[in-house]
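The next block holds one structure in the form of structure tokens; read it before the comments.
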Amino acid sequence: MKKIFRYLKPYQRLLSFGIFIKAVAGILDLMLPFILAIIIDRIIPTKSVPFILLFGFFMLVAAILSITFNVWANRISAKVSTDAILDLRKDGYRQIMNLSAKKVDEVGLPSLVSRMTTDTYHVYRFFNVMQRMGIRAPILLIGAIILMVIIDFQLSIIMLILLPVLFFVVGFITVKGVPYFDQLQRSLDELIKVVRENLTGIRIIKAFNQQNNEILRFTDINEQTSMKEQRANIIVGLLNPTMALLLNTGLVIILWVGANNVLNGTSQVGSIIAYISYFTLILNAFYALNRIFLLTSKATASAQRLSELLDSQDHIKIIEDHMVANQDSVLSFNHVTFGYFDHEPTLQDIHFDLYPHETLAIIGATGSGKSTLAQLCLRLYDPQEGAISLMGKNIQSYSLEELRKSFAVVFQNDTLFSFTIAQNIQLGESVSQEEMLTSLSLAQADFVSALPLQLETQVQRSGSNFSGGQKQRLVLSRAFAKDAKVLILDDASSALDYVTESLIFQNLKSMKPLSTLLITQRVSLALSADKVIMLDAGKMVGYGTHSELMKTCIPYQQLVNIQLGGEAR
């Protein structure tokens with residue numbers, strides 16, 4: 001929790017002021033029964049109306065000030081908690097953006113979503129309630145006990161016997177409860193994962209008539225989550241009835257002893273009334289502490305998960321590398337080996353050079369590592385062996401911002417955001433309207449001009465208001481609008497018809513001196529490339545021009561025969 005508490009530090013002054021006025025309000029609440037006891041036991045017997053009115057006025061002022069200070073302190077606690085969680089979410093989100101793709105894969109997207117939403121909300125409630133009740137409850141508890149001892153020491157012995165038992169119960173249930181809430185949060189991660197997958201793939205589920213199976217799958221994880229939540233709530237649910245039983249038992253004993261003392265003349269009525277009022281305050285304070293305990297149990301589990309995220313040292317590191325590769329090439333792979341799992345390389349001993357104005361086609365079967373190669377260029381992952389160079393310099397010595405500005409990329413399953421078309425093309429870059437229109441024309445996205453709002457048309461979530469081909473052309477126009485050294489097209493025309501695809505790749509020639517890394521499964525596109533790399537199971541089995549591969553690379557010959565019937569020679 002230490003790392004989470006530091007988010008309160010910038011608001012230390014406001015927090016301290018809120019705690020101070022909350023403490024003053026608590027002291028004022030403690031004064032009311034004490035003043036009432038004085039009125040009943042000492043002033044009323046004198047029949048002095050002015051003193052009765054005076055002390056009654058003191059009670060009224062104390063009550064008004066208590067309410068005012070409590071409201072004021074609650075507003076401060078809400079502001080401090082909201083601002084602190086705002087900072088926490090910013091840091092958490094920034095941390096997620098800086099994590100390597102490998103770390104994101106390890107943690108899992110559902111877990112990251114849960115940490116940024118459910119976990120931060122639990123911490124927010126903890127901050128808020130601790131400021132509101134975490135100060136008030138101990139003051140009422142300790143103050144009431146002290147005043148009860150002052151009023152009647154004999155009756156206080158009953159309360160002093162109960163307190164150790166109550167604290168033991170709270171401590172025992174706390175130790176038992178926290179692990180259950182941690183398990184519950186992990187189960188919620190799985191629940192979010194299932195919901196996210198089903199909502200993302202809802203069309204596939206309906207198309208394959210799998211609604212009932214997915215409902216059963218959701219029901220299973222939902223029941224597991226509910227069971228874990230029940231276990232956690234059963235543990236913490238023991239606290240309230242146990243405390244109520246102990247405290248009410250004590251109250252009955254106090255009433256019995258107090259009544260006897262009044263009859264015997266050893267206690268006064270006002271003192272007993274004040275004593276019962278303080279006992280009620282203690283009861284409410286313990287209920288508040290119970291609520292604090294429940295929130296602490298949830299917040300501790302959430303804070304641990306958030307701390308794991310904030311403490312992650314998985315940032316992509318920038319290294320000093322003075323070795324210079326082929327300065328004539330724009331992009332070089334120098335015997336690169338990479339695997340998502342250490343024991344199973346996805347790419348093995350990849351080496352090539354991409355020169356200015358050149359188009360290099362990467363072709364191969366599904367699962368041969370083509371898309372992985374594109375991700376290595378952007379340092380979404382780092383290779384286990386070998387080095388990748390940009391403009392003769394190891395990409396690991398570039399800042400990520402500088403490196404990624406050098407590439408314009410269209411991934412295999414690329415995304416449109418819930419912005420306007422113009423904002424999707426710009427995506428934070430400085431792109432003029434003329435440049436956007438040019439990029440749309442190059443991408444054969446002329447349909448935009450026929451839309452009522454044209455560039456200002458709103459894109460719905462994931463581009464659901466456009467067809468697959470329209471979305472792909474918008475994504476291509478975004479890449480074409482970027483001023484980059486290398487254009488990476490990862491199966492970027494899979495949703496396009498052959499005529500549109502042909503027109504777009506003819507337009508690419510007008511974009512030179514841009515160097516292009518063309519990742520494709522279509523031999524027809526590789527024919528227009530200056531050089532071709534043939535990948536098979538993550539290994540280079542051919543590297544050269546189309547003509548050279550037709551003479552030397554049997555897998556490439558087989559692919560050409562399958563797709564073109566051997567016509568391209």
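Labels for the structure tokens follow display order: chains A, B, ..., residues from 1 in each chain, ligands from 1.
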### Query
If we count only C-alpha atoms, what is near Gln506 (chain A) at a cut-off of 12 Å, once residues fewer than 5 positions away on the same chain are taken out, given as a list of chain:residue names?
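Near Gln506 (chain A), the qualifying residues are A:Leu442, A:Ala443, A:Gln444, A:Val499, A:Thr500, A:Glu501, A:Met511, A:Lys512, A:Leu525, A:Ser528, A:Ala529.
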### Task
Find the spatial neighbours of Ala137 (chain A), counting only C-alpha atoms, within a cut-off of 12 Å - ignore same-chain residues fewer than 2 positions away - and output them as a VMD selection string.
chain A and resid 22 to 23 25 to 27 29 to 30 129 to 135 139 to 144 281 to 292
### Task
Considering only C-alpha atoms, state which residue in the set A:Lys471, A:His335, A:Lys317, A:Lys79 is at the smallest distance from Arg379 (chain A).
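That would be A:Lys317, the residue with the smallest distance to Arg379 (chain A).
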### Query
Could you pull the residues within 9 Å of region 42-54 of chain A, counting only C-alpha atoms, minus those fewer than 5 positions along the same chain, as a PyMOL selection string?
chain A and resi 37+59+270
Rows by chain and residue number, region 82-179 of chain A within 12 Å of region 336-354 of chain A, shortest pair, only C-alpha atoms, as JSON lines:
{"residue": "A:Ala101", "atom": "CA", "partner": "A:Tyr340", "partner_atom": "CA", "distance": 10.1}
{"residue": "A:Lys102", "atom": "CA", "partner": "A:Tyr340", "partner_atom": "CA", "distance": 7.6}
{"residue": "A:Lys103", "atom": "CA", "partner": "A:Tyr340", "partner_atom": "CA", "distance": 10.9}
{"residue": "A:Asp105", "atom": "CA", "partner": "A:Tyr340", "partner_atom": "CA", "distance": 9.7}
{"residue": "A:Glu106", "atom": "CA", "partner": "A:Tyr340", "partner_atom": "CA", "distance": 10.6}
Which residues of region 211-235 of chain A sit at most 8 Å from region 180-198 of chain A, using only C-alpha atoms? Give each one's shortest atom pair and distance in Å (one decimal place), in chain and ascending residue order, as CSV.
residue,atom,partner,partner_atom,distance
A:Glu214,CA,A:Asn198,CA,7.4
A:Phe218,CA,A:Val194,CA,6.6
A:Ile221,CA,A:Leu191,CA,6.1
A:Asn222,CA,A:Leu191,CA,6.5
A:Gln224,CA,A:Ser187,CA,7.5
A:Thr225,CA,A:Ser187,CA,5.5
A:Lys228,CA,A:Leu184,CA,5.6
A:Glu229,CA,A:Leu184,CA,6.0
A:Arg231,CA,A:Tyr180,CA,7.1
A:Ala232,CA,A:Tyr180,CA,5.2
Pull the strand (DSSP E or B) assignments for region 287-506 of chain A out of DSSP run on the backbone, and list those residues as a PDB file with N, CA and C atoms, in the first residue's frame.
ATOM      1  N   HIS A 315       9.944  -1.753 -19.023  1.00  0.00           N
ATOM      2  CA  HIS A 315      10.059  -0.736 -20.064  1.00  0.00           C
ATOM      3  C   HIS A 315      11.113  -1.146 -21.085  1.00  0.00           C
ATOM      4  N   VAL A 324      28.031   0.297 -36.221  1.00  0.00           N
ATOM      5  CA  VAL A 324      27.272   0.786 -37.363  1.00  0.00           C
ATOM      6  C   VAL A 324      27.165  -0.325 -38.396  1.00  0.00           C
ATOM      7  N   LEU A 331      16.912  -0.296 -43.807  1.00  0.00           N
ATOM      8  CA  LEU A 331      16.561  -1.250 -42.760  1.00  0.00           C
ATOM      9  C   LEU A 331      17.364  -2.529 -42.967  1.00  0.00           C
ATOM     10  N   SER A 332      17.981  -3.023 -41.874  1.00  0.00           N
ATOM     11  CA  SER A 332      18.785  -4.242 -41.973  1.00  0.00           C
ATOM     12  C   SER A 332      18.421  -5.204 -40.846  1.00  0.00           C
ATOM     13  N   PHE A 333      18.295  -6.470 -41.199  1.00  0.00           N
ATOM     14  CA  PHE A 333      18.176  -7.544 -40.210  1.00  0.00           C
ATOM     15  C   PHE A 333      19.477  -8.335 -40.268  1.00  0.00           C
ATOM     16  N   ASN A 334      20.160  -8.432 -39.122  1.00  0.00           N
ATOM     17  CA  ASN A 334      21.460  -9.098 -39.072  1.00  0.00           C
ATOM     18  C   ASN A 334      21.354 -10.373 -38.246  1.00  0.00           C
ATOM     19  N   HIS A 335      21.018 -11.472 -38.927  1.00  0.00           N
ATOM     20  CA  HIS A 335      20.926 -12.802 -38.298  1.00  0.00           C
ATOM     21  C   HIS A 335      20.054 -12.762 -37.042  1.00  0.00           C
ATOM     22  N   VAL A 336      18.825 -12.356 -37.236  1.00  0.00           N
ATOM     23  CA  VAL A 336      17.880 -12.170 -36.140  1.00  0.00           C
ATOM     24  C   VAL A 336      17.131 -13.467 -35.847  1.00  0.00           C
ATOM     25  N   THR A 337      17.070 -13.816 -34.564  1.00  0.00           N
ATOM     26  CA  THR A 337      16.277 -14.956 -34.098  1.00  0.00           C
ATOM     27  C   THR A 337      15.344 -14.467 -32.997  1.00  0.00           C
ATOM     28  N   PHE A 338      14.086 -14.872 -33.090  1.00  0.00           N
ATOM     29  CA  PHE A 338      13.105 -14.440 -32.086  1.00  0.00           C
ATOM     30  C   PHE A 338      12.062 -15.528 -31.878  1.00  0.00           C
ATOM     31  N   PHE A 341       8.055 -17.782 -27.238  1.00  0.00           N
ATOM     32  CA  PHE A 341       8.435 -18.659 -26.143  1.00  0.00           C
ATOM     33  C   PHE A 341       9.901 -19.023 -26.355  1.00  0.00           C
ATOM     34  N   GLU A 344      10.978 -22.061 -28.400  1.00  0.00           N
ATOM     35  CA  GLU A 344      10.392 -22.303 -29.724  1.00  0.00           C
ATOM     36  C   GLU A 344      10.521 -21.050 -30.598  1.00  0.00           C
ATOM     37  N   LEU A 347      11.046 -16.890 -35.536  1.00  0.00           N
ATOM     38  CA  LEU A 347      11.924 -16.500 -36.643  1.00  0.00           C
ATOM     39  C   LEU A 347      13.337 -16.959 -36.308  1.00  0.00           C
ATOM     40  N   GLN A 348      14.054 -17.434 -37.316  1.00  0.00           N
ATOM     41  CA  GLN A 348      15.379 -17.985 -37.052  1.00  0.00           C
ATOM     42  C   GLN A 348      16.362 -17.544 -38.139  1.00  0.00           C
ATOM     43  N   ASP A 349      17.419 -16.840 -37.684  1.00  0.00           N
ATOM     44  CA  ASP A 349      18.524 -16.436 -38.559  1.00  0.00           C
ATOM     45  C   ASP A 349      18.029 -15.655 -39.793  1.00  0.00           C
ATOM     46  N   ILE A 350      17.279 -14.569 -39.512  1.00  0.00           N
ATOM     47  CA  ILE A 350      16.762 -13.726 -40.595  1.00  0.00           C
ATOM     48  C   ILE A 350      17.772 -12.620 -40.884  1.00  0.00           C
ATOM     49  N   HIS A 351      18.160 -12.488 -42.141  1.00  0.00           N
ATOM     50  CA  HIS A 351      19.121 -11.443 -42.511  1.00  0.00           C
ATOM     51  C   HIS A 351      18.774 -10.917 -43.908  1.00  0.00           C
ATOM     52  N   PHE A 352      18.677  -9.584 -43.997  1.00  0.00           N
ATOM     53  CA  PHE A 352      18.412  -8.932 -45.289  1.00  0.00           C
ATOM     54  C   PHE A 352      18.681  -7.437 -45.136  1.00  0.00           C
ATOM     55  N   ASP A 353      18.741  -6.754 -46.281  1.00  0.00           N
ATOM     56  CA  ASP A 353      18.890  -5.295 -46.321  1.00  0.00           C
ATOM     57  C   ASP A 353      17.798  -4.714 -47.211  1.00  0.00           C
ATOM     58  N   LEU A 354      17.166  -3.648 -46.725  1.00  0.00           N
ATOM     59  CA  LEU A 354      16.167  -2.909 -47.508  1.00  0.00           C
ATOM     60  C   LEU A 354      16.774  -1.561 -47.854  1.00  0.00           C
ATOM     61  N   THR A 359      11.363  -1.909 -52.843  1.00  0.00           N
ATOM     62  CA  THR A 359      10.246  -2.647 -52.266  1.00  0.00           C
ATOM     63  C   THR A 359      10.687  -4.087 -52.046  1.00  0.00           C
ATOM     64  N   LEU A 360      10.608  -4.517 -50.787  1.00  0.00           N
ATOM     65  CA  LEU A 360      10.999  -5.869 -50.428  1.00  0.00           C
ATOM     66  C   LEU A 360       9.750  -6.624 -49.993  1.00  0.00           C
ATOM     67  N   ALA A 361       9.433  -7.698 -50.679  1.00  0.00           N
ATOM     68  CA  ALA A 361       8.250  -8.496 -50.363  1.00  0.00           C
ATOM     69  C   ALA A 361       8.643  -9.657 -49.460  1.00  0.00           C
ATOM     70  N   ILE A 362       7.872  -9.846 -48.393  1.00  0.00           N
ATOM     71  CA  ILE A 362       8.046 -11.000 -47.503  1.00  0.00           C
ATOM     72  C   ILE A 362       6.844 -11.897 -47.740  1.00  0.00           C
ATOM     73  N   ILE A 363       7.100 -13.100 -48.227  1.00  0.00           N
ATOM     74  CA  ILE A 363       6.001 -13.994 -48.588  1.00  0.00           C
ATOM     75  C   ILE A 363       6.197 -15.347 -47.901  1.00  0.00           C
ATOM     76  N   GLY A 364       5.107 -15.989 -47.617  1.00  0.00           N
ATOM     77  CA  GLY A 364       5.190 -17.287 -46.957  1.00  0.00           C
ATOM     78  C   GLY A 364       3.816 -17.726 -46.498  1.00  0.00           C
ATOM     79  N   GLU A 385      18.368 -12.998 -30.457  1.00  0.00           N
ATOM     80  CA  GLU A 385      19.700 -13.006 -31.071  1.00  0.00           C
ATOM     81  C   GLU A 385      19.694 -12.077 -32.275  1.00  0.00           C
ATOM     82  N   GLY A 386      20.895 -11.569 -32.609  1.00  0.00           N
ATOM     83  CA  GLY A 386      21.024 -10.709 -33.769  1.00  0.00           C
ATOM     84  C   GLY A 386      20.624  -9.272 -33.474  1.00  0.00           C
ATOM     85  N   ALA A 387      20.657  -8.437 -34.516  1.00  0.00           N
ATOM     86  CA  ALA A 387      20.350  -7.012 -34.368  1.00  0.00           C
ATOM     87  C   ALA A 387      19.602  -6.506 -35.587  1.00  0.00           C
ATOM     88  N   ILE A 388      18.793  -5.473 -35.360  1.00  0.00           N
ATOM     89  CA  ILE A 388      18.047  -4.809 -36.434  1.00  0.00           C
ATOM     90  C   ILE A 388      18.535  -3.371 -36.495  1.00  0.00           C
ATOM     91  N   SER A 389      18.832  -2.887 -37.679  1.00  0.00           N
ATOM     92  CA  SER A 389      19.374  -1.535 -37.836  1.00  0.00           C
ATOM     93  C   SER A 389      18.472  -0.695 -38.730  1.00  0.00           C
ATOM     94  N   LEU A 390      18.384   0.587 -38.393  1.00  0.00           N
ATOM     95  CA  LEU A 390      17.664   1.571 -39.197  1.00  0.00           C
ATOM     96  C   LEU A 390      18.637   2.670 -39.551  1.00  0.00           C
ATOM     97  N   LYS A 393      21.980   2.219 -37.927  1.00  0.00           N
ATOM     98  CA  LYS A 393      22.087   2.337 -36.467  1.00  0.00           C
ATOM     99  C   LYS A 393      21.129   1.350 -35.814  1.00  0.00           C
ATOM    100  N   ASN A 394      21.613   0.646 -34.794  1.00  0.00           N
ATOM    101  CA  ASN A 394      20.793  -0.338 -34.086  1.00  0.00           C
ATOM    102  C   ASN A 394      19.505   0.327 -33.592  1.00  0.00           C
ATOM    103  N   PHE A 407       8.570   4.797 -39.265  1.00  0.00           N
ATOM    104  CA  PHE A 407       7.790   3.758 -39.932  1.00  0.00           C
ATOM    105  C   PHE A 407       6.333   4.208 -40.089  1.00  0.00           C
ATOM    106  N   ALA A 408       5.759   3.889 -41.223  1.00  0.00           N
ATOM    107  CA  ALA A 408       4.310   3.978 -41.423  1.00  0.00           C
ATOM    108  C   ALA A 408       3.831   2.548 -41.601  1.00  0.00           C
ATOM    109  N   VAL A 409       2.848   2.145 -40.808  1.00  0.00           N
ATOM    110  CA  VAL A 409       2.506   0.726 -40.731  1.00  0.00           C
ATOM    111  C   VAL A 409       1.021   0.501 -40.945  1.00  0.00           C
ATOM    112  N   VAL A 410       0.706  -0.545 -41.677  1.00  0.00           N
ATOM    113  CA  VAL A 410      -0.655  -1.081 -41.726  1.00  0.00           C
ATOM    114  C   VAL A 410      -0.561  -2.537 -41.292  1.00  0.00           C
ATOM    115  N   THR A 420     -13.234  11.145 -35.852  1.00  0.00           N
ATOM    116  CA  THR A 420     -13.653  11.447 -37.221  1.00  0.00           C
ATOM    117  C   THR A 420     -12.661  10.794 -38.184  1.00  0.00           C
ATOM    118  N   GLN A 458     -18.057  10.757 -38.478  1.00  0.00           N
ATOM    119  CA  GLN A 458     -17.665  10.055 -37.254  1.00  0.00           C
ATOM    120  C   GLN A 458     -17.532   8.556 -37.523  1.00  0.00           C
ATOM    121  N   VAL A 486      10.169   4.212 -43.875  1.00  0.00           N
ATOM    122  CA  VAL A 486       9.821   2.854 -44.312  1.00  0.00           C
ATOM    123  C   VAL A 486       8.316   2.670 -44.173  1.00  0.00           C
ATOM    124  N   LEU A 487       7.704   2.127 -45.211  1.00  0.00           N
ATOM    125  CA  LEU A 487       6.281   1.775 -45.179  1.00  0.00           C
ATOM    126  C   LEU A 487       6.184   0.261 -45.028  1.00  0.00           C
ATOM    127  N   ILE A 488       5.490  -0.173 -43.972  1.00  0.00           N
ATOM    128  CA  ILE A 488       5.285  -1.610 -43.743  1.00  0.00           C
ATOM    129  C   ILE A 488       3.825  -1.922 -43.999  1.00  0.00           C
ATOM    130  N   LEU A 489       3.577  -2.800 -44.948  1.00  0.00           N
ATOM    131  CA  LEU A 489       2.216  -3.227 -45.288  1.00  0.00           C
ATOM    132  C   LEU A 489       2.095  -4.710 -44.972  1.00  0.00           C
ATOM    133  N   ASP A 490       1.400  -5.002 -43.888  1.00  0.00           N
ATOM    134  CA  ASP A 490       1.262  -6.385 -43.427  1.00  0.00           C
ATOM    135  C   ASP A 490      -0.102  -6.918 -43.870  1.00  0.00           C
TER     136      ASP A 490
END
### Query
Using only C-alpha atoms, which residue out of A:Leu416, A:Leu239, A:Val330, A:Val123 lies closest to Lys3 (chain A)?
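Result for the nearest residue to Lys3 (chain A): A:Val123.
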### Message
I need the residues of region 267-474 of chain A that end up classed as helix (DSSP H, G or I) by DSSP on the backbone, written out as number ranges by chain.
### Response
A: 269-311, 370-377, 395-397, 400-405, 421-426, 433-442, 446-450, 454-456, 461-463, 468-474
So that I have them on file, write out the residues from the current selection with C-alpha atoms, as an mmCIF file, in the first residue's frame.
data_model
loop_
_atom_site.group_PDB
_atom_site.id
_atom_site.type_symbol
_atom_site.label_atom_id
_atom_site.label_comp_id
_atom_site.auth_asym_id
_atom_site.auth_seq_id
_atom_site.Cartn_x
_atom_site.Cartn_y
_atom_site.Cartn_z
ATOM 1 C CA VAL A 269 -29.595 9.458 35.864
ATOM 2 C CA GLY A 270 -27.777 11.952 33.634
ATOM 3 C CA SER A 271 -24.565 9.967 33.880
ATOM 4 C CA ILE A 272 -26.336 6.765 32.861
ATOM 5 C CA ILE A 273 -28.001 8.539 29.891
ATOM 6 C CA ALA A 274 -24.622 9.946 28.825
ATOM 7 C CA TYR A 275 -23.058 6.529 29.347
ATOM 8 C CA ILE A 276 -25.615 4.883 27.054
ATOM 9 C CA SER A 277 -25.080 7.662 24.459
ATOM 10 C CA TYR A 278 -21.333 7.023 24.519
ATOM 11 C CA PHE A 279 -21.919 3.301 24.256
ATOM 12 C CA THR A 280 -24.050 3.972 21.163
ATOM 13 C CA LEU A 281 -21.210 6.069 19.725
ATOM 14 C CA ILE A 282 -18.805 3.207 20.358
ATOM 15 C CA LEU A 283 -21.211 0.809 18.645
ATOM 16 C CA ASN A 284 -21.426 3.109 15.592
ATOM 17 C CA ALA A 285 -17.642 3.548 15.626
ATOM 18 C CA PHE A 286 -17.161 -0.222 15.476
ATOM 19 C CA TYR A 287 -19.653 -0.482 12.611
ATOM 20 C CA ALA A 288 -17.642 2.215 10.817
ATOM 21 C CA LEU A 289 -14.436 0.296 11.535
ATOM 22 C CA ASN A 290 -16.099 -2.806 10.116
ATOM 23 C CA ARG A 291 -16.846 -0.963 6.899
ATOM 24 C CA ILE A 292 -13.285 0.349 6.836
ATOM 25 C CA PHE A 293 -12.036 -3.215 7.310
ATOM 26 C CA LEU A 294 -14.135 -4.465 4.399
ATOM 27 C CA LEU A 295 -12.875 -1.704 2.115
ATOM 28 C CA THR A 296 -9.320 -2.226 3.365
ATOM 29 C CA SER A 297 -9.511 -5.915 2.471
ATOM 30 C CA LYS A 298 -10.603 -5.092 -1.085
ATOM 31 C CA ALA A 299 -8.243 -2.121 -1.417
ATOM 32 C CA THR A 300 -5.239 -4.123 -0.152
ATOM 33 C CA ALA A 301 -5.735 -6.766 -2.822
ATOM 34 C CA SER A 302 -6.305 -4.072 -5.471
ATOM 35 C CA ALA A 303 -3.347 -1.980 -4.291
ATOM 36 C CA GLN A 304 -1.077 -5.014 -4.560
ATOM 37 C CA ARG A 305 -2.125 -5.561 -8.180
ATOM 38 C CA LEU A 306 -1.704 -1.867 -8.987
ATOM 39 C CA SER A 307 1.713 -1.807 -7.303
ATOM 40 C CA GLU A 308 2.780 -4.789 -9.418
ATOM 41 C CA LEU A 309 1.832 -2.788 -12.496
ATOM 42 C CA LEU A 310 3.515 0.436 -11.337
ATOM 43 C CA ASP A 311 6.665 -1.405 -10.191
ATOM 44 C CA LYS A 370 5.768 -12.594 -41.493
ATOM 45 C CA SER A 371 3.772 -10.393 -39.086
ATOM 46 C CA THR A 372 6.259 -11.049 -36.295
ATOM 47 C CA LEU A 373 8.964 -9.589 -38.487
ATOM 48 C CA ALA A 374 6.980 -6.337 -38.795
ATOM 49 C CA GLN A 375 6.536 -6.124 -35.027
ATOM 50 C CA LEU A 376 10.266 -6.537 -34.479
ATOM 51 C CA CYS A 377 10.913 -3.494 -36.678
ATOM 52 C CA ILE A 395 17.085 0.329 -33.482
ATOM 53 C CA GLN A 396 17.626 -0.314 -29.759
ATOM 54 C CA SER A 397 19.705 2.891 -29.582
ATOM 55 C CA LEU A 400 10.880 4.758 -29.246
ATOM 56 C CA GLU A 401 9.314 7.998 -30.473
ATOM 57 C CA GLU A 402 12.103 8.610 -32.986
ATOM 58 C CA LEU A 403 12.111 4.973 -34.112
ATOM 59 C CA ARG A 404 8.380 4.643 -34.653
ATOM 60 C CA LYS A 405 8.132 7.965 -36.453
ATOM 61 C CA ILE A 421 -12.099 10.208 -40.473
ATOM 62 C CA ALA A 422 -9.741 13.196 -40.398
ATOM 63 C CA GLN A 423 -8.604 12.398 -36.854
ATOM 64 C CA ASN A 424 -8.082 8.747 -37.799
ATOM 65 C CA ILE A 425 -5.835 9.754 -40.695
ATOM 66 C CA GLN A 426 -3.902 12.328 -38.666
ATOM 67 C CA GLN A 433 -6.367 18.658 -45.372
ATOM 68 C CA GLU A 434 -4.710 18.595 -48.798
ATOM 69 C CA GLU A 435 -2.343 15.824 -47.654
ATOM 70 C CA MET A 436 -5.285 13.856 -46.240
ATOM 71 C CA LEU A 437 -7.168 14.120 -49.526
ATOM 72 C CA THR A 438 -4.049 13.016 -51.399
ATOM 73 C CA SER A 439 -3.581 9.998 -49.131
ATOM 74 C CA LEU A 440 -7.260 9.059 -49.545
ATOM 75 C CA SER A 441 -6.848 9.256 -53.307
ATOM 76 C CA LEU A 442 -3.718 7.069 -53.201
ATOM 77 C CA ASP A 446 -12.850 8.126 -52.913
ATOM 78 C CA PHE A 447 -16.043 7.029 -51.125
ATOM 79 C CA VAL A 448 -15.194 9.567 -48.378
ATOM 80 C CA SER A 449 -15.999 12.482 -50.700
ATOM 81 C CA ALA A 450 -19.509 11.088 -51.170
ATOM 82 C CA GLN A 454 -16.742 13.837 -45.693
ATOM 83 C CA LEU A 455 -13.585 14.040 -43.517
ATOM 84 C CA GLU A 456 -15.653 15.003 -40.476
ATOM 85 C CA ARG A 461 -16.384 1.803 -32.585
ATOM 86 C CA SER A 462 -13.928 -0.377 -34.568
ATOM 87 C CA GLY A 463 -15.220 1.234 -37.768
ATOM 88 C CA GLY A 468 -14.171 -4.278 -44.497
ATOM 89 C CA GLY A 469 -12.753 -2.871 -47.728
ATOM 90 C CA GLN A 470 -13.587 0.717 -46.755
ATOM 91 C CA LYS A 471 -11.924 0.286 -43.361
ATOM 92 C CA GLN A 472 -8.798 -1.125 -44.987
ATOM 93 C CA ARG A 473 -8.584 1.786 -47.419
ATOM 94 C CA LEU A 474 -8.940 4.284 -44.554
#
